[in-house]
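This is structure-v5.cif (mmCIF, C-alpha atoms, pLDDT in the B column; chains and numbers go by the auth columns).
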```
data_target
loop_
_atom_site.group_PDB
_atom_site.id
_atom_site.type_symbol
_atom_site.label_atom_id
_atom_site.label_comp_id
_atom_site.label_asym_id
_atom_site.label_seq_id
_atom_site.Cartn_x
_atom_site.Cartn_y
_atom_site.Cartn_z
_atom_site.B_iso_or_equiv
_atom_site.auth_seq_id
_atom_site.auth_asym_id
ATOM 1 C CA MET A 1 -12.403 -95.950 195.721 45.00 4 U
ATOM 2 C CA LYS A 2 -14.071 -92.758 196.943 51.00 5 U
ATOM 3 C CA ASN A 3 -12.332 -89.415 197.033 58.00 6 U
ATOM 4 C CA ASP A 4 -13.058 -85.805 197.938 74.00 7 U
ATOM 5 C CA ASN A 5 -12.386 -84.150 194.580 88.00 8 U
ATOM 6 C CA ILE A 6 -14.999 -85.900 192.436 94.00 9 U
ATOM 7 C CA LYS A 7 -18.226 -87.212 193.932 95.00 10 U
ATOM 8 C CA GLU A 8 -20.431 -89.793 192.197 94.00 11 U
ATOM 9 C CA TYR A 9 -24.210 -90.017 192.334 94.00 12 U
ATOM 10 C CA TYR A 10 -26.479 -92.434 190.505 93.00 13 U
ATOM 11 C CA ILE A 11 -29.830 -91.605 188.847 89.00 14 U
ATOM 12 C CA ASN A 12 -32.359 -94.480 188.737 79.00 15 U
ATOM 13 C CA ASN A 13 -29.663 -97.074 188.000 79.00 16 U
ATOM 14 C CA ASN A 14 -25.944 -97.518 187.543 75.00 17 U
ATOM 15 C CA GLN A 15 -26.112 -96.502 183.867 92.00 18 U
ATOM 16 C CA ASN A 16 -26.853 -92.841 184.649 95.00 19 U
ATOM 17 C CA ILE A 17 -24.268 -91.060 186.728 96.00 20 U
ATOM 18 C CA ILE A 18 -23.653 -87.550 188.002 96.00 21 U
ATOM 19 C CA LEU A 19 -20.061 -86.553 188.718 97.00 22 U
ATOM 20 C CA VAL A 20 -19.668 -83.429 190.830 96.00 23 U
ATOM 21 C CA ILE A 21 -16.274 -81.754 190.534 95.00 24 U
ATOM 22 C CA ASP A 22 -15.371 -79.288 193.226 91.00 25 U
ATOM 23 C CA LYS A 23 -11.816 -78.363 192.198 92.00 26 U
ATOM 24 C CA ASP A 24 -9.839 -76.999 189.270 94.00 27 U
ATOM 25 C CA ILE A 25 -9.005 -79.780 186.844 95.00 28 U
ATOM 26 C CA ASN A 26 -5.219 -79.873 186.951 94.00 29 U
ATOM 27 C CA SER A 27 -3.090 -82.940 186.180 93.00 30 U
ATOM 28 C CA ASN A 28 -3.885 -84.612 189.540 92.00 31 U
ATOM 29 C CA ILE A 29 -7.644 -84.195 189.198 94.00 32 U
ATOM 30 C CA TYR A 30 -7.329 -85.198 185.525 96.00 33 U
ATOM 31 C CA ASN A 31 -5.847 -88.568 186.567 96.00 34 U
ATOM 32 C CA GLU A 32 -8.706 -89.061 189.014 95.00 35 U
ATOM 33 C CA LEU A 33 -11.272 -88.140 186.332 97.00 36 U
ATOM 34 C CA TYR A 34 -9.558 -90.471 183.847 97.00 37 U
ATOM 35 C CA ASN A 35 -9.781 -93.399 186.283 96.00 38 U
ATOM 36 C CA ILE A 36 -13.415 -92.694 187.166 96.00 39 U
ATOM 37 C CA LEU A 37 -14.532 -92.313 183.536 97.00 40 U
ATOM 38 C CA ASN A 38 -12.678 -95.498 182.560 97.00 41 U
ATOM 39 C CA ARG A 39 -14.389 -97.448 185.338 96.00 42 U
ATOM 40 C CA LEU A 40 -17.818 -96.022 184.467 96.00 43 U
ATOM 41 C CA LEU A 41 -17.371 -96.840 180.770 96.00 44 U
ATOM 42 C CA GLU A 42 -16.185 -100.373 181.602 96.00 45 U
ATOM 43 C CA ASN A 43 -19.330 -100.767 183.741 94.00 46 U
ATOM 44 C CA TYR A 44 -21.506 -99.767 180.760 94.00 47 U
ATOM 45 C CA ALA A 45 -22.548 -96.285 181.863 95.00 48 U
ATOM 46 C CA LYS A 46 -24.937 -94.725 179.364 96.00 49 U
ATOM 47 C CA ASN A 47 -25.289 -91.104 180.496 97.00 50 U
ATOM 48 C CA ILE A 48 -22.872 -89.043 182.551 97.00 51 U
ATOM 49 C CA ILE A 49 -23.608 -85.564 183.861 97.00 52 U
ATOM 50 C CA ILE A 50 -20.476 -83.702 184.907 97.00 53 U
ATOM 51 C CA HIS A 51 -21.397 -80.826 187.198 97.00 54 U
ATOM 52 C CA PHE A 52 -18.774 -78.202 187.951 95.00 55 U
ATOM 53 C CA ARG A 53 -19.178 -76.473 191.317 91.00 56 U
ATOM 54 C CA ASN A 54 -18.204 -72.835 191.858 86.00 57 U
ATOM 55 C CA ASN A 55 -14.720 -73.833 192.972 83.00 58 U
ATOM 56 C CA THR A 56 -13.842 -75.085 189.477 90.00 59 U
ATOM 57 C CA LYS A 57 -12.151 -72.150 187.759 91.00 60 U
ATOM 58 C CA TYR A 58 -10.102 -73.867 185.034 91.00 61 U
ATOM 59 C CA ILE A 59 -9.649 -77.142 183.200 95.00 62 U
ATOM 60 C CA ILE A 60 -6.637 -78.566 181.369 95.00 63 U
ATOM 61 C CA SER A 61 -7.184 -79.382 177.701 94.00 64 U
ATOM 62 C CA ASN A 62 -6.400 -83.087 178.255 96.00 65 U
ATOM 63 C CA ALA A 63 -9.525 -83.323 180.416 97.00 66 U
ATOM 64 C CA ILE A 64 -11.636 -81.856 177.601 97.00 67 U
ATOM 65 C CA TYR A 65 -10.191 -84.381 175.127 97.00 68 U
ATOM 66 C CA LEU A 66 -10.882 -87.159 177.662 97.00 69 U
ATOM 67 C CA MET A 67 -14.534 -86.084 177.853 98.00 70 U
ATOM 68 C CA LEU A 68 -14.742 -86.046 174.033 97.00 71 U
ATOM 69 C CA GLU A 69 -13.419 -89.618 173.873 97.00 72 U
ATOM 70 C CA ALA A 70 -15.868 -90.748 176.570 98.00 73 U
ATOM 71 C CA GLN A 71 -18.667 -89.018 174.644 97.00 74 U
ATOM 72 C CA LYS A 72 -17.865 -91.169 171.579 97.00 75 U
ATOM 73 C CA VAL A 73 -18.348 -94.355 173.632 97.00 76 U
ATOM 74 C CA LEU A 74 -21.556 -93.101 175.251 97.00 77 U
ATOM 75 C CA GLU A 75 -22.930 -91.963 171.881 96.00 78 U
ATOM 76 C CA PHE A 76 -22.391 -95.492 170.562 96.00 79 U
ATOM 77 C CA ARG A 77 -24.539 -96.720 173.491 94.00 80 U
ATOM 78 C CA GLY A 78 -27.242 -94.158 172.781 95.00 81 U
ATOM 79 C CA GLY A 79 -26.224 -91.928 175.663 96.00 82 U
ATOM 80 C CA SER A 80 -24.192 -88.803 176.236 96.00 83 U
ATOM 81 C CA ILE A 81 -22.143 -86.579 178.499 97.00 84 U
ATOM 82 C CA ILE A 82 -23.864 -83.417 179.667 97.00 85 U
ATOM 83 C CA LEU A 83 -21.912 -80.643 181.365 97.00 86 U
ATOM 84 C CA THR A 84 -23.460 -78.234 183.865 97.00 87 U
ATOM 85 C CA GLY A 85 -22.230 -75.444 186.108 95.00 88 U
ATOM 86 C CA LEU A 86 -19.606 -74.082 183.714 95.00 89 U
ATOM 87 C CA ASN A 87 -18.327 -70.577 184.368 93.00 90 U
ATOM 88 C CA GLU A 88 -17.474 -68.284 181.445 93.00 91 U
ATOM 89 C CA TYR A 89 -13.845 -69.436 181.272 93.00 92 U
ATOM 90 C CA LEU A 90 -14.802 -73.131 181.243 94.00 93 U
ATOM 91 C CA LYS A 91 -17.378 -72.444 178.497 94.00 94 U
ATOM 92 C CA TRP A 92 -14.701 -70.621 176.497 94.00 95 U
ATOM 93 C CA SER A 93 -12.258 -73.518 177.014 94.00 96 U
ATOM 94 C CA PHE A 94 -14.770 -76.005 175.580 95.00 97 U
ATOM 95 C CA LYS A 95 -15.672 -73.694 172.688 95.00 98 U
ATOM 96 C CA SER A 96 -12.035 -72.966 171.818 94.00 99 U
ATOM 97 C CA LEU A 97 -11.486 -76.716 171.303 94.00 100 U
ATOM 98 C CA GLU A 98 -14.872 -77.023 169.558 94.00 101 U
ATOM 99 C CA ALA A 99 -15.933 -79.565 172.184 95.00 102 U
ATOM 100 C CA HIS A 100 -19.287 -77.794 172.571 92.00 103 U
ATOM 101 C CA LYS A 101 -20.246 -79.239 169.169 95.00 104 U
ATOM 102 C CA LYS A 102 -20.044 -82.808 170.526 95.00 105 U
ATOM 103 C CA ILE A 103 -20.771 -82.439 174.245 97.00 106 U
ATOM 104 C CA LYS A 104 -24.044 -80.981 175.527 96.00 107 U
ATOM 105 C CA ILE A 105 -23.808 -78.051 177.926 96.00 108 U
ATOM 106 C CA HIS A 106 -26.802 -77.142 180.109 95.00 109 U
ATOM 107 C CA ASP A 107 -27.176 -74.094 182.321 90.00 110 U
ATOM 108 C CA ASN A 108 -28.438 -76.110 185.268 91.00 111 U
ATOM 109 C CA ILE A 109 -28.220 -79.640 186.539 95.00 112 U
ATOM 110 C CA GLN A 110 -32.018 -80.026 186.833 94.00 113 U
ATOM 111 C CA LYS A 111 -32.411 -79.725 183.029 95.00 114 U
ATOM 112 C CA ALA A 112 -29.675 -82.321 182.499 95.00 115 U
ATOM 113 C CA ILE A 113 -31.274 -84.775 184.951 94.00 116 U
ATOM 114 C CA LYS A 114 -34.679 -84.266 183.326 93.00 117 U
ATOM 115 C CA GLU A 115 -33.196 -84.986 179.880 91.00 118 U
ATOM 116 C CA ILE A 116 -31.513 -88.192 181.083 91.00 119 U
ATOM 117 C CA LYS A 117 -34.650 -89.427 182.849 86.00 120 U
ATOM 118 C CA ALA A 118 -36.628 -88.832 179.645 84.00 121 U
ATOM 119 C CA SER A 119 -34.183 -90.824 177.485 77.00 122 U
#
```

Could you render the structure from this file as structure tokens?
Amino acid sequence: MKNDNIKEYYINNNQNIILVIDKDINSNIYNELYNILNRLLENYAKNIIIHFRNNTKYIISNAIYLMLEAQKVLEFRGGSIILTGLNEYLKWSFKSLEAHKKIKIHDNIQKAIKEIKAS
């Protein structure tokens, strides 16, 4: 099921995915993200880049915890979640929950793609 809030792109194969989020992550977008991440994990995704576009100003804490849980599964598979495009508030949100210690954050999406292709 495709939607307008979160777009999916595949790198090389269906194990490496880029999710582009163009909205604030409120409870509605959280549910969408939850469903997408569940499906990707069930389909044995290995690496997931989550890119936040300029329109993403805030994120609910549940979404950060969801990403941490997904990171645990991906880590077990030898992969990871990489976040890109975070504004200062989003960076602070991740740091305040100490999520930045478990989830990689890159300044730009090109670096994240390069890292995934190299793995």

*asked:* I'd like to know which of U:Ile116, U:Leu44, U:Ile53, U:Ile20 is closest to Ile67 in chain U, using only C-alpha atoms.
replied: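 Residue with the minimum atom-to-atom distance to Ile67 in chain U: U:Ile53.
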
*Quick one: which residues end up in the PyMOL selection byres ((chain U and resi 31-39) around 12) for this structure, as an MDAnalysis selection string?*
chainID U and resid 4:11 20:30 40:46 48 51 53 59 61:73

*Taking the file above as input, evaluate the PyMOL selection byres ((chain U and resi 57) around 9) and report the hits as a PyMOL selection string.*
chain U and resi 25-26+55-56+58-60+88-90

*asked:* Restricting the calculation to only C-alpha atoms: of U:Gly82, U:Thr87, U:Gln18, U:Leu77, which residue gets closest to Ala115 in chain U?
replied: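 Counting only C-alpha atoms, the residue closest to Ala115 in chain U is U:Thr87.
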
*Which residues fall under the PyMOL selection byres ((chain U and resi 106) around 8) in this file, as a list in words?*
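Applying the PyMOL selection byres ((chain U and resi 106) around 8) to the structure shown produces Leu71, Gln74, Ser83, Ile84, Ile85, Leu86, Ala102, His103, Lys104, Lys105, Lys107 and Ile108 of chain U.
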
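Nearest-residue note for Ile52 in chain U: choosing from U:Tyr12, U:Phe79, U:Tyr92, U:Phe97, the minimum distance belongs to U:Tyr12, counting all atoms listed in the file.
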
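Taking CA of Ile112 in chain U and CA of Glu91 in chain U as the two end points, the separation is 16.4 Å.
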
_Given all atoms listed in the file as the basis, pick out the residue of U:Lys75, U:Arg80, U:Ser96, U:Asp110 nearest to Ser122 in chain U._
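Comparing U:Lys75, U:Arg80, U:Ser96, U:Asp110 against Ser122 in chain U, the winner is U:Arg80.
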